[in-house]
Structures are given as structure tokens and as C-alpha cells.
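Here is start.tsv, consisting of TSV, N, CA and C atoms:
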chain	number	residue	atom	x	y	z
M	73	MET	N	89.82	103.34	41.83
M	73	MET	CA	89.37	104.45	41.03
M	73	MET	C	88.62	105.43	41.93
M	74	LYS	N	88.90	106.72	41.78
M	74	LYS	CA	88.23	107.74	42.56
M	74	LYS	C	87.48	108.68	41.64
M	75	PHE	N	86.36	109.17	42.13
M	75	PHE	CA	85.64	110.21	41.41
M	75	PHE	C	84.97	111.11	42.42
M	76	ILE	N	84.71	112.33	42.01
M	76	ILE	CA	84.10	113.31	42.89
M	76	ILE	C	82.79	113.75	42.27
M	77	ARG	N	81.74	113.88	43.10
M	77	ARG	CA	80.44	114.30	42.61
M	77	ARG	C	79.92	115.39	43.54
M	78	GLN	N	79.53	116.51	42.98
M	78	GLN	CA	78.93	117.59	43.76
M	78	GLN	C	77.44	117.30	43.88
M	79	CYS	N	76.94	117.32	45.10
M	79	CYS	CA	75.53	117.04	45.37
M	79	CYS	C	74.86	118.29	45.90
M	80	SER	N	73.56	118.22	46.05
M	80	SER	CA	72.82	119.35	46.60
M	80	SER	C	73.24	119.61	48.04
M	81	LEU	N	72.90	120.77	48.55
M	81	LEU	CA	73.17	121.19	49.93
M	81	LEU	C	74.66	121.32	50.23
M	82	GLY	N	75.49	121.46	49.20
M	82	GLY	CA	76.90	121.65	49.42
M	82	GLY	C	77.63	120.40	49.87
M	83	LEU	N	77.03	119.24	49.70
M	83	LEU	CA	77.65	117.99	50.11
M	83	LEU	C	78.55	117.49	49.00
M	84	LEU	N	79.80	117.24	49.31
M	84	LEU	CA	80.74	116.75	48.34
M	84	LEU	C	81.09	115.33	48.70
M	85	LEU	N	80.75	114.39	47.82
M	85	LEU	CA	81.03	112.98	48.07
M	85	LEU	C	82.28	112.58	47.32
M	86	VAL	N	83.16	111.87	47.96
M	86	VAL	CA	84.35	111.37	47.32
M	86	VAL	C	84.29	109.86	47.38
M	87	ALA	N	84.11	109.25	46.24
M	87	ALA	CA	84.05	107.79	46.20
M	87	ALA	C	85.47	107.26	46.03
M	88	GLY	N	85.65	106.03	46.40
M	88	GLY	CA	86.97	105.44	46.38
M	88	GLY	C	87.43	105.35	47.81
M	89	TYR	N	87.60	104.16	48.30
M	89	TYR	CA	87.92	103.95	49.70
M	89	TYR	C	88.77	102.71	49.82
M	90	THR	N	89.23	102.49	51.01
M	90	THR	CA	90.05	101.32	51.25
M	90	THR	C	89.44	100.48	52.36
M	91	SER	N	89.58	99.18	52.27
M	91	SER	CA	89.09	98.32	53.35
M	91	SER	C	90.23	97.96	54.30
M	92	ALA	N	91.44	98.43	53.99
M	92	ALA	CA	92.59	98.19	54.86
M	92	ALA	C	92.69	99.33	55.87
M	93	ALA	N	93.70	99.32	56.66
M	93	ALA	CA	93.90	100.39	57.65
M	93	ALA	C	94.05	101.74	56.96
M	94	THR	N	93.48	102.76	57.58
M	94	THR	CA	93.51	104.11	57.02
M	94	THR	C	93.98	105.08	58.10
M	95	ASP	N	94.91	105.95	57.75
M	95	ASP	CA	95.35	107.00	58.67
M	95	ASP	C	94.39	108.17	58.53
M	96	ILE	N	93.36	108.23	59.39
M	96	ILE	CA	92.34	109.27	59.26
M	96	ILE	C	92.88	110.65	59.59
M	97	ASN	N	93.98	110.73	60.33
M	97	ASN	CA	94.59	112.03	60.61
M	97	ASN	C	95.21	112.63	59.35
M	98	ALA	N	95.57	111.79	58.40
M	98	ALA	CA	96.18	112.26	57.16
M	98	ALA	C	95.15	112.70	56.13
M	99	ILE	N	93.88	112.38	56.33
M	99	ILE	CA	92.84	112.75	55.37
M	99	ILE	C	92.54	114.23	55.50
M	100	GLN	N	92.65	114.92	54.39
M	100	GLN	CA	92.36	116.36	54.34
M	100	GLN	C	91.28	116.59	53.29
M	101	ALA	N	90.48	117.61	53.49
M	101	ALA	CA	89.41	117.94	52.55
M	101	ALA	C	89.94	118.81	51.42
M	102	SER	N	89.39	118.58	50.24
M	102	SER	CA	89.67	119.45	49.10
M	102	SER	C	88.81	120.70	49.24
M	103	ASP	N	88.87	121.56	48.26
M	103	ASP	CA	88.06	122.77	48.26
M	103	ASP	C	86.58	122.39	48.31
M	104	PHE	N	85.85	122.93	49.28
M	104	PHE	CA	84.43	122.61	49.43
M	104	PHE	C	83.70	123.77	50.08
M	105	ASP	N	82.40	123.88	49.81
M	105	ASP	CA	81.61	124.99	50.35
M	105	ASP	C	81.22	124.77	51.80
M	106	ASN	N	80.65	123.59	52.12
M	106	ASN	CA	80.14	123.36	53.47
M	106	ASN	C	80.49	121.98	54.01
M	107	ILE	N	80.21	120.93	53.23
M	107	ILE	CA	80.41	119.56	53.73
M	107	ILE	C	81.22	118.76	52.72
M	108	PHE	N	82.22	118.04	53.23
M	108	PHE	CA	83.06	117.16	52.41
M	108	PHE	C	83.04	115.79	53.07
M	109	VAL	N	82.74	114.74	52.28
M	109	VAL	CA	82.63	113.39	52.81
M	109	VAL	C	83.59	112.47	52.06
M	110	LYS	N	84.39	111.71	52.80
M	110	LYS	CA	85.30	110.72	52.22
M	110	LYS	C	84.97	109.36	52.82
M	111	LYS	N	84.53	108.43	51.99
M	111	LYS	CA	84.27	107.06	52.45
M	111	LYS	C	85.61	106.36	52.64
M	112	ILE	N	85.78	105.70	53.81
M	112	ILE	CA	87.06	105.05	54.07
M	112	ILE	C	86.93	103.55	54.24
M	113	ALA	N	85.73	103.03	54.48
M	113	ALA	CA	85.54	101.59	54.61
M	113	ALA	C	84.07	101.26	54.39
M	114	ASP	N	83.81	100.04	53.92
M	114	ASP	CA	82.44	99.68	53.57
M	114	ASP	C	82.29	98.16	53.51
M	115	ASP	N	81.25	97.66	54.17
M	115	ASP	CA	80.84	96.27	53.99
M	115	ASP	C	79.36	96.19	54.34
M	116	THR	N	78.78	95.01	54.37
M	116	THR	CA	77.34	94.89	54.61
M	116	THR	C	76.93	95.31	56.01
M	117	LYS	N	77.84	95.32	56.95
M	117	LYS	CA	77.53	95.65	58.35
M	117	LYS	C	77.63	97.14	58.66
M	118	ALA	N	78.53	97.86	57.98
M	118	ALA	CA	78.76	99.27	58.31
M	118	ALA	C	79.51	99.97	57.19
M	119	THR	N	79.34	101.29	57.14
M	119	THR	CA	80.09	102.15	56.23
M	119	THR	C	80.71	103.26	57.07
M	120	SER	N	82.00	103.52	56.83
M	120	SER	CA	82.72	104.53	57.61
M	120	SER	C	83.15	105.68	56.71
M	121	PHE	N	83.03	106.89	57.27
M	121	PHE	CA	83.36	108.11	56.54
M	121	PHE	C	84.20	109.02	57.42
M	122	VAL	N	85.02	109.86	56.80
M	122	VAL	CA	85.56	111.03	57.45
M	122	VAL	C	84.80	112.19	56.83
M	123	ILE	N	84.20	113.02	57.71
M	123	ILE	CA	83.35	114.12	57.26
M	123	ILE	C	83.91	115.44	57.80
M	124	PHE	N	83.99	116.43	56.91
M	124	PHE	CA	84.39	117.79	57.28
M	124	PHE	C	83.17	118.69	57.10
M	125	VAL	N	82.92	119.56	58.08
M	125	VAL	CA	81.80	120.51	58.00
M	125	VAL	C	82.33	121.89	58.32
M	126	LYS	N	82.11	122.85	57.41
M	126	LYS	CA	82.54	124.24	57.64
M	126	LYS	C	81.51	125.05	58.40
M	127	LYS	N	80.21	124.85	58.08
M	127	LYS	CA	79.17	125.71	58.63
M	127	LYS	C	78.15	124.93	59.46
M	128	HIS	N	77.42	124.04	58.82
M	128	HIS	CA	76.33	123.34	59.51
M	128	HIS	C	75.90	122.09	58.75
M	129	VAL	N	75.18	121.25	59.46
M	129	VAL	CA	74.46	120.11	58.88
M	129	VAL	C	73.01	120.33	59.26
M	130	LYS	N	72.14	120.40	58.27
M	130	LYS	CA	70.73	120.66	58.50
M	130	LYS	C	70.08	119.51	59.27
M	131	PRO	N	69.01	119.81	60.03
M	131	PRO	CA	68.33	118.75	60.80
M	131	PRO	C	67.84	117.62	59.90
M	132	HIS	N	68.19	116.41	60.29
M	132	HIS	CA	67.79	115.23	59.53
M	132	HIS	C	67.78	114.02	60.45
M	133	LEU	N	67.29	112.91	59.92
M	133	LEU	CA	67.33	111.65	60.66
M	133	LEU	C	67.59	110.52	59.69
M	134	HIS	N	67.93	109.38	60.26
M	134	HIS	CA	68.12	108.15	59.49
M	134	HIS	C	67.09	107.15	60.00
M	135	LYS	N	66.21	106.69	59.12
M	135	LYS	CA	65.13	105.78	59.54
M	135	LYS	C	65.63	104.38	59.84
M	136	THR	N	66.70	103.93	59.17
M	136	THR	CA	67.14	102.55	59.33
M	136	THR	C	68.59	102.41	59.78
M	137	HIS	N	69.24	103.52	60.09
M	137	HIS	CA	70.65	103.48	60.45
M	137	HIS	C	70.92	104.12	61.81
M	138	THR	N	71.86	103.53	62.53
M	138	THR	CA	72.46	104.16	63.69
M	138	THR	C	73.77	104.78	63.21
M	139	GLU	N	74.06	106.00	63.68
M	139	GLU	CA	75.31	106.67	63.31
M	139	GLU	C	76.15	106.87	64.56
M	140	LEU	N	77.42	106.56	64.46
M	140	LEU	CA	78.38	106.77	65.53
M	140	LEU	C	79.36	107.85	65.07
M	141	LEU	N	79.53	108.88	65.89
M	141	LEU	CA	80.42	109.99	65.55
M	141	LEU	C	81.54	110.09	66.57
M	142	TYR	N	82.74	110.33	66.07
M	142	TYR	CA	83.89	110.63	66.92
M	142	TYR	C	84.53	111.89	66.37
M	143	VAL	N	84.61	112.94	67.20
M	143	VAL	CA	85.15	114.22	66.76
M	143	VAL	C	86.67	114.18	66.77
M	144	LEU	N	87.25	114.53	65.61
M	144	LEU	CA	88.70	114.55	65.45
M	144	LEU	C	89.27	115.96	65.58
M	145	GLU	N	88.61	116.95	64.97
M	145	GLU	CA	89.10	118.33	64.98
M	145	GLU	C	87.92	119.28	64.98
M	146	GLY	N	88.15	120.51	65.43
M	146	GLY	CA	87.13	121.54	65.41
M	146	GLY	C	86.15	121.41	66.56
M	147	SER	N	85.16	122.30	66.56
M	147	SER	CA	84.12	122.24	67.58
M	147	SER	C	82.79	122.66	66.96
M	148	ALA	N	81.71	122.22	67.61
M	148	ALA	CA	80.37	122.51	67.09
M	148	ALA	C	79.34	122.30	68.19
M	149	ASP	N	78.17	122.86	67.97
M	149	ASP	CA	77.00	122.57	68.79
M	149	ASP	C	76.16	121.57	68.01
M	150	MET	N	75.67	120.55	68.72
M	150	MET	CA	74.87	119.51	68.07
M	150	MET	C	73.50	119.42	68.73
M	151	GLN	N	72.48	119.37	67.90
M	151	GLN	CA	71.14	119.03	68.35
M	151	GLN	C	71.03	117.52	68.18
M	152	LEU	N	70.67	116.83	69.24
M	152	LEU	CA	70.48	115.37	69.20
M	152	LEU	C	69.14	115.10	69.88
M	153	GLY	N	68.09	114.98	69.07
M	153	GLY	CA	66.75	114.89	69.65
M	153	GLY	C	66.47	116.17	70.39
M	154	GLU	N	66.12	116.07	71.67
M	154	GLU	CA	65.83	117.23	72.51
M	154	GLU	C	67.08	117.77	73.21
M	155	GLN	N	68.21	117.07	73.09
M	155	GLN	CA	69.45	117.48	73.76
M	155	GLN	C	70.27	118.42	72.89
M	156	HIS	N	71.10	119.22	73.54
M	156	HIS	CA	72.10	120.04	72.85
M	156	HIS	C	73.45	119.64	73.43
M	157	ILE	N	74.37	119.26	72.55
M	157	ILE	CA	75.67	118.72	72.94
M	157	ILE	C	76.77	119.58	72.35
M	158	SER	N	77.80	119.86	73.14
M	158	SER	CA	78.97	120.55	72.66
M	158	SER	C	79.95	119.50	72.12
M	159	LEU	N	80.32	119.63	70.86
M	159	LEU	CA	81.27	118.70	70.24
M	159	LEU	C	82.66	119.31	70.24
M	160	THR	N	83.62	118.59	70.79
M	160	THR	CA	85.03	118.99	70.78
M	160	THR	C	85.84	117.73	70.48
M	161	PRO	N	87.12	117.88	70.12
M	161	PRO	CA	87.92	116.69	69.83
M	161	PRO	C	87.87	115.69	70.98
M	162	GLY	N	87.62	114.44	70.61
M	162	GLY	CA	87.50	113.36	71.58
M	162	GLY	C	86.07	113.02	71.96
M	163	THR	N	85.11	113.86	71.56
M	163	THR	CA	83.70	113.57	71.87
M	163	THR	C	83.21	112.41	71.01
M	164	PHE	N	82.51	111.47	71.65
M	164	PHE	CA	81.87	110.34	70.96
M	164	PHE	C	80.37	110.47	71.14
M	165	VAL	N	79.61	110.31	70.06
M	165	VAL	CA	78.15	110.41	70.10
M	165	VAL	C	77.55	109.25	69.34
M	166	GLN	N	76.59	108.57	69.96
M	166	GLN	CA	75.80	107.56	69.26
M	166	GLN	C	74.45	108.19	68.93
M	167	ILE	N	74.08	108.15	67.64
M	167	ILE	CA	72.83	108.73	67.17
M	167	ILE	C	71.91	107.57	66.78
M	168	PRO	N	70.95	107.23	67.63
M	168	PRO	CA	70.06	106.10	67.32
M	168	PRO	C	69.22	106.40	66.07
M	169	LYS	N	68.86	105.35	65.34
M	169	LYS	CA	68.01	105.54	64.16
M	169	LYS	C	66.73	106.25	64.59
M	170	GLY	N	66.23	107.12	63.70
M	170	GLY	CA	65.02	107.86	63.97
M	170	GLY	C	65.20	109.12	64.79
M	171	THR	N	66.43	109.44	65.21
M	171	THR	CA	66.69	110.62	66.04
M	171	THR	C	67.10	111.80	65.17
M	172	VAL	N	66.37	112.89	65.29
M	172	VAL	CA	66.72	114.11	64.54
M	172	VAL	C	68.02	114.66	65.11
M	173	HIS	N	68.94	115.02	64.21
M	173	HIS	CA	70.21	115.60	64.63
M	173	HIS	C	70.66	116.66	63.62
M	174	ALA	N	71.39	117.65	64.13
M	174	ALA	CA	71.90	118.75	63.32
M	174	ALA	C	73.16	119.28	63.99
M	175	VAL	N	73.99	119.98	63.21
M	175	VAL	CA	75.26	120.49	63.72
M	175	VAL	C	75.46	121.92	63.25
M	176	THR	N	75.97	122.77	64.14
M	176	THR	CA	76.41	124.12	63.79
M	176	THR	C	77.84	124.27	64.26
M	177	VAL	N	78.75	124.49	63.34
M	177	VAL	CA	80.18	124.60	63.65
M	177	VAL	C	80.43	125.91	64.40
M	178	THR	N	81.22	125.83	65.47
M	178	THR	CA	81.55	127.00	66.29
M	178	THR	C	83.03	127.38	66.22
M	179	SER	N	83.84	126.59	65.56
M	179	SER	CA	85.28	126.87	65.45
M	179	SER	C	85.61	127.52	64.12
M	180	ASP	N	86.78	128.16	64.06
M	180	ASP	CA	87.25	128.75	62.81
M	180	ASP	C	87.67	127.68	61.82
M	181	THR	N	88.08	126.53	62.33
M	181	THR	CA	88.46	125.42	61.47
M	181	THR	C	87.26	124.49	61.29
M	182	PRO	N	87.19	123.80	60.18
M	182	PRO	CA	86.07	122.88	59.97
M	182	PRO	C	86.02	121.78	61.03
M	183	LEU	N	84.83	121.33	61.32
M	183	LEU	CA	84.63	120.15	62.16
M	183	LEU	C	85.05	118.95	61.33
M	184	LYS	N	85.84	118.05	61.91
M	184	LYS	CA	86.26	116.82	61.24
M	184	LYS	C	85.86	115.67	62.14
M	185	VAL	N	85.04	114.75	61.60
M	185	VAL	CA	84.56	113.62	62.39
M	185	VAL	C	84.75	112.31	61.66
M	186	LEU	N	84.87	111.26	62.44
M	186	LEU	CA	84.76	109.90	61.93
M	186	LEU	C	83.30	109.52	62.13
M	187	SER	N	82.61	109.15	61.07
M	187	SER	CA	81.20	108.76	61.12
M	187	SER	C	81.08	107.31	60.67
M	188	ILE	N	80.48	106.49	61.53
M	188	ILE	CA	80.25	105.09	61.17
M	188	ILE	C	78.74	104.87	61.14
M	189	GLN	N	78.24	104.45	60.00
M	189	GLN	CA	76.82	104.18	59.81
M	189	GLN	C	76.62	102.66	59.79
M	190	THR	N	75.65	102.20	60.57
M	190	THR	CA	75.38	100.78	60.59
M	190	THR	C	73.88	100.54	60.49
M	191	PRO	N	73.44	99.64	59.60
M	191	PRO	CA	74.21	98.80	58.69
M	191	PRO	C	74.79	99.62	57.52
M	192	GLN	N	75.27	98.93	56.50
M	192	GLN	CA	75.88	99.57	55.34
M	192	GLN	C	75.02	100.73	54.85
M	193	PHE	N	75.67	101.86	54.54
M	193	PHE	CA	74.98	103.08	54.15
M	193	PHE	C	75.20	103.34	52.67
M	194	HIS	N	74.08	103.47	51.93
M	194	HIS	CA	74.15	103.74	50.49
M	194	HIS	C	73.77	105.17	50.15
M	195	GLY	N	73.49	106.00	51.17
M	195	GLY	CA	73.20	107.40	50.94
M	195	GLY	C	71.73	107.76	50.82
M	196	GLN	N	70.84	106.78	50.77
M	196	GLN	CA	69.43	107.10	50.61
M	196	GLN	C	68.70	107.32	51.93
M	197	ASP	N	69.29	106.99	53.06
M	197	ASP	CA	68.59	107.06	54.35
M	197	ASP	C	68.95	108.33	55.10
M	198	ARG	N	68.81	109.47	54.42
M	198	ARG	CA	69.03	110.78	55.05
M	198	ARG	C	67.77	111.59	54.76
M	199	HIS	N	66.96	111.83	55.80
M	199	HIS	CA	65.68	112.47	55.65
M	199	HIS	C	65.71	113.82	56.37
M	200	PHE	N	65.72	114.92	55.61
M	200	PHE	CA	65.78	116.25	56.20
M	200	PHE	C	64.42	116.62	56.77
M	201	VAL	N	64.45	117.33	57.89
M	201	VAL	CA	63.22	117.72	58.57
M	201	VAL	C	63.22	119.21	58.79
M	202	THR	N	62.03	119.78	58.96
M	202	THR	CA	61.88	121.18	59.24
M	202	THR	C	61.94	121.39	60.75
M	203	PRO	N	62.82	122.28	61.22
M	203	PRO	CA	62.91	122.51	62.67
M	203	PRO	C	61.57	122.99	63.22
M	204	GLN	N	61.24	122.57	64.43
M	204	GLN	CA	59.95	122.95	65.04
M	204	GLN	C	60.14	124.08	66.01
Written as C-alpha cells, that's how I'd like the structure from this file.
Amino acid sequence: MKFIRQCSLGLLLVAGYTSAATDINAIQASDFDNIFVKKIADDTKATSFVIFVKKHVKPHLHKTHTELLYVLEGSADMQLGEQHISLTPGTFVQIPKGTVHAVTVTSDTPLKVLSIQTPQFHGQDRHFVTPQ
């Protein structure tokens, strides 16, 4: 069963996922303002998403989760703690828990990433911060 819920900050969550193999190249985003998230796998150890971003992801951190990102399409500038990283297809980034991170898309096409959160992510461990 699938359902769609519009959340604050333009985040679109799509529930309904598979624990079997998934062709992430075939996943496309529906109509969305800024961010579209599709959960593709989930267990107690990790939750995996395909995320599309049109504009930006505001600065935030995860207090109890490490996030692993692999860029599939598009390009962006990423703030990762004190570092600034250029994201292009093939870029892999490990975001340690407690590290402030943000993204600004620089391509005409949305940024598409595979995001793996460990341990299992229920959506409550996203803490937005004010840029300094």
C-alpha cells in the first residue's frame, strides 16, 4: 500500500517500499516543489531513500544517525560541517551524526541521491539549525 503526505518545508514523503532489489535508476519523482523522498528499504539497522532536491536542503543535523549519500543525477554544493563539497554524479559522502549539513542545487535538473540512514530512520531525527 502506498500513500503520499505533504509535509512542511516542501518535503514530500512517499511511503511504501520494497525490501527486495530496487532499480533506483527507474525511480522518478512526481510533481513536487522542492524535495521528494521515496523510501526503498527499511529494517532495524538502516533505512534507504531515493531523494530528489530541486532547490536546497536547509542546514540540519541528525543527533543519532549517520547518513550516507551517493549522488545519482544533478549537481549541488554541500555544506558538511566546515567543509564545502561539490556534489556530482558518482560522489559519495558520509555524514557523521551531529554534523550540520545543507545542500544548494546548482544544476537545471534536480539532484537525485541514494540516502542511507543508520540505524533505522523514523523521521524524527532531523534538527534544523540557523546558519552562523
Quiz item: Which value, in Å to one decimal, gives the distance between atom C of Thr116 (chain M) and atom C of Pro191 (chain M)?
Solution: 5.0 Å
Self-check item: Nearest to Glu154 (chain M) by atom-to-atom distance, counting only N, CA and C atoms, from M:Ile123, M:Leu133, M:Leu140, M:Val172
Solution: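 Under the stated criterion, the closest residue is M:Val172.
Residue nearest Leu186 (chain M), chosen from M:Phe124, M:Phe104, M:Phe164, M:Tyr142 and counting only C-alpha atoms: M:Tyr142.
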Exercise. Show me as a list in words the residues that reach within 6 Å of (69.4, 117.6, 58.3), counting only N, CA and C atoms and using the file's own coordinates.
Key: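 Protein, DNA and RNA residues close to (69.4, 117.6, 58.3): Val129, Lys130, Pro131, His132, Leu133, His173, Ala174, His199, Phe200 and Val201 of chain M.
Taking CA of Thr119 (chain M) as the reference point, CA of Ser158 (chain M) is found at 24.7 Å.
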Self-check item: Every residue of chain M that DSSP places in strand (DSSP E or B), as an MDAnalysis selection string
Solution: chainID M and resid 75:78 83:87 107:114 119:125 128:133 138:145 148:152 155:159 164:167 173:177 183:190 199:200
Quiz item: What are the DSSP helix (DSSP H, G or I) residues of chain M, as a count of residues only?
Solution: 6
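In terms of minimum interatomic distance to Leu144 (chain M), M:Val122 ranks closest within M:Ala93, M:Val122, M:Ile157, M:Ile107, counting only C-alpha atoms.
Reported to one decimal place, the separation of CA of Gly170 (chain M) from CA of Asp114 (chain M) is 21.9 Å.
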Practice problem: Mind checking which residues fall within 8 Å of Asp149 (chain M), counting only N, CA and C atoms, ignoring those fewer than 3 positions away in the same chain, and posting them as a PyMOL selection string? | Solution: chain M and resi 152+156-160+174-179
Quiz item: Between M:Thr138, M:Thr181, M:Arg198, M:Ile188, which has the minimum distance to Ser120 (chain M) (counting only C-alpha atoms)?
Solution: M:Ile188
Can you sort out region 150-167 of chain M so it carries N, CA, C and O atoms, written as a short mmCIF file (atom, residue, chain, number, x, y, z; two decimals), in the coordinates of the input?
data_model
loop_
_atom_site.label_atom_id
_atom_site.label_comp_id
_atom_site.auth_asym_id
_atom_site.auth_seq_id
_atom_site.Cartn_x
_atom_site.Cartn_y
_atom_site.Cartn_z
N MET M 150 75.67 120.55 68.72
CA MET M 150 74.87 119.51 68.07
C MET M 150 73.50 119.42 68.73
O MET M 150 73.39 119.39 69.95
N GLN M 151 72.48 119.37 67.90
CA GLN M 151 71.14 119.03 68.35
C GLN M 151 71.03 117.52 68.18
O GLN M 151 71.27 116.98 67.10
N LEU M 152 70.67 116.83 69.24
CA LEU M 152 70.48 115.37 69.20
C LEU M 152 69.14 115.10 69.88
O LEU M 152 69.07 115.07 71.11
N GLY M 153 68.09 114.98 69.07
CA GLY M 153 66.75 114.89 69.65
C GLY M 153 66.47 116.17 70.39
O GLY M 153 66.58 117.26 69.85
N GLU M 154 66.12 116.07 71.67
CA GLU M 154 65.83 117.23 72.51
C GLU M 154 67.08 117.77 73.21
O GLU M 154 67.02 118.80 73.88
N GLN M 155 68.21 117.07 73.09
CA GLN M 155 69.45 117.48 73.76
C GLN M 155 70.27 118.42 72.89
O GLN M 155 70.18 118.40 71.66
N HIS M 156 71.10 119.22 73.54
CA HIS M 156 72.10 120.04 72.85
C HIS M 156 73.45 119.64 73.43
O HIS M 156 73.65 119.66 74.65
N ILE M 157 74.37 119.26 72.55
CA ILE M 157 75.67 118.72 72.94
C ILE M 157 76.77 119.58 72.35
O ILE M 157 76.70 119.98 71.19
N SER M 158 77.80 119.86 73.14
CA SER M 158 78.97 120.55 72.66
C SER M 158 79.95 119.50 72.12
O SER M 158 80.34 118.58 72.84
N LEU M 159 80.32 119.63 70.86
CA LEU M 159 81.27 118.70 70.24
C LEU M 159 82.66 119.31 70.24
O LEU M 159 82.85 120.43 69.76
N THR M 160 83.62 118.59 70.79
CA THR M 160 85.03 118.99 70.78
C THR M 160 85.84 117.73 70.48
O THR M 160 85.33 116.61 70.60
N PRO M 161 87.12 117.88 70.12
CA PRO M 161 87.92 116.69 69.83
C PRO M 161 87.87 115.69 70.98
O PRO M 161 87.99 116.04 72.15
N GLY M 162 87.62 114.44 70.61
CA GLY M 162 87.50 113.36 71.58
C GLY M 162 86.07 113.02 71.96
O GLY M 162 85.83 112.00 72.59
N THR M 163 85.11 113.86 71.56
CA THR M 163 83.70 113.57 71.87
C THR M 163 83.21 112.41 71.01
O THR M 163 83.44 112.38 69.80
N PHE M 164 82.51 111.47 71.65
CA PHE M 164 81.87 110.34 70.96
C PHE M 164 80.37 110.47 71.14
O PHE M 164 79.90 110.71 72.26
N VAL M 165 79.61 110.31 70.06
CA VAL M 165 78.15 110.41 70.10
C VAL M 165 77.55 109.25 69.34
O VAL M 165 77.95 108.98 68.19
N GLN M 166 76.59 108.57 69.96
CA GLN M 166 75.80 107.56 69.26
C GLN M 166 74.45 108.19 68.93
O GLN M 166 73.77 108.71 69.81
N ILE M 167 74.08 108.15 67.64
CA ILE M 167 72.83 108.73 67.17
C ILE M 167 71.91 107.57 66.78
O ILE M 167 72.10 106.97 65.71
#
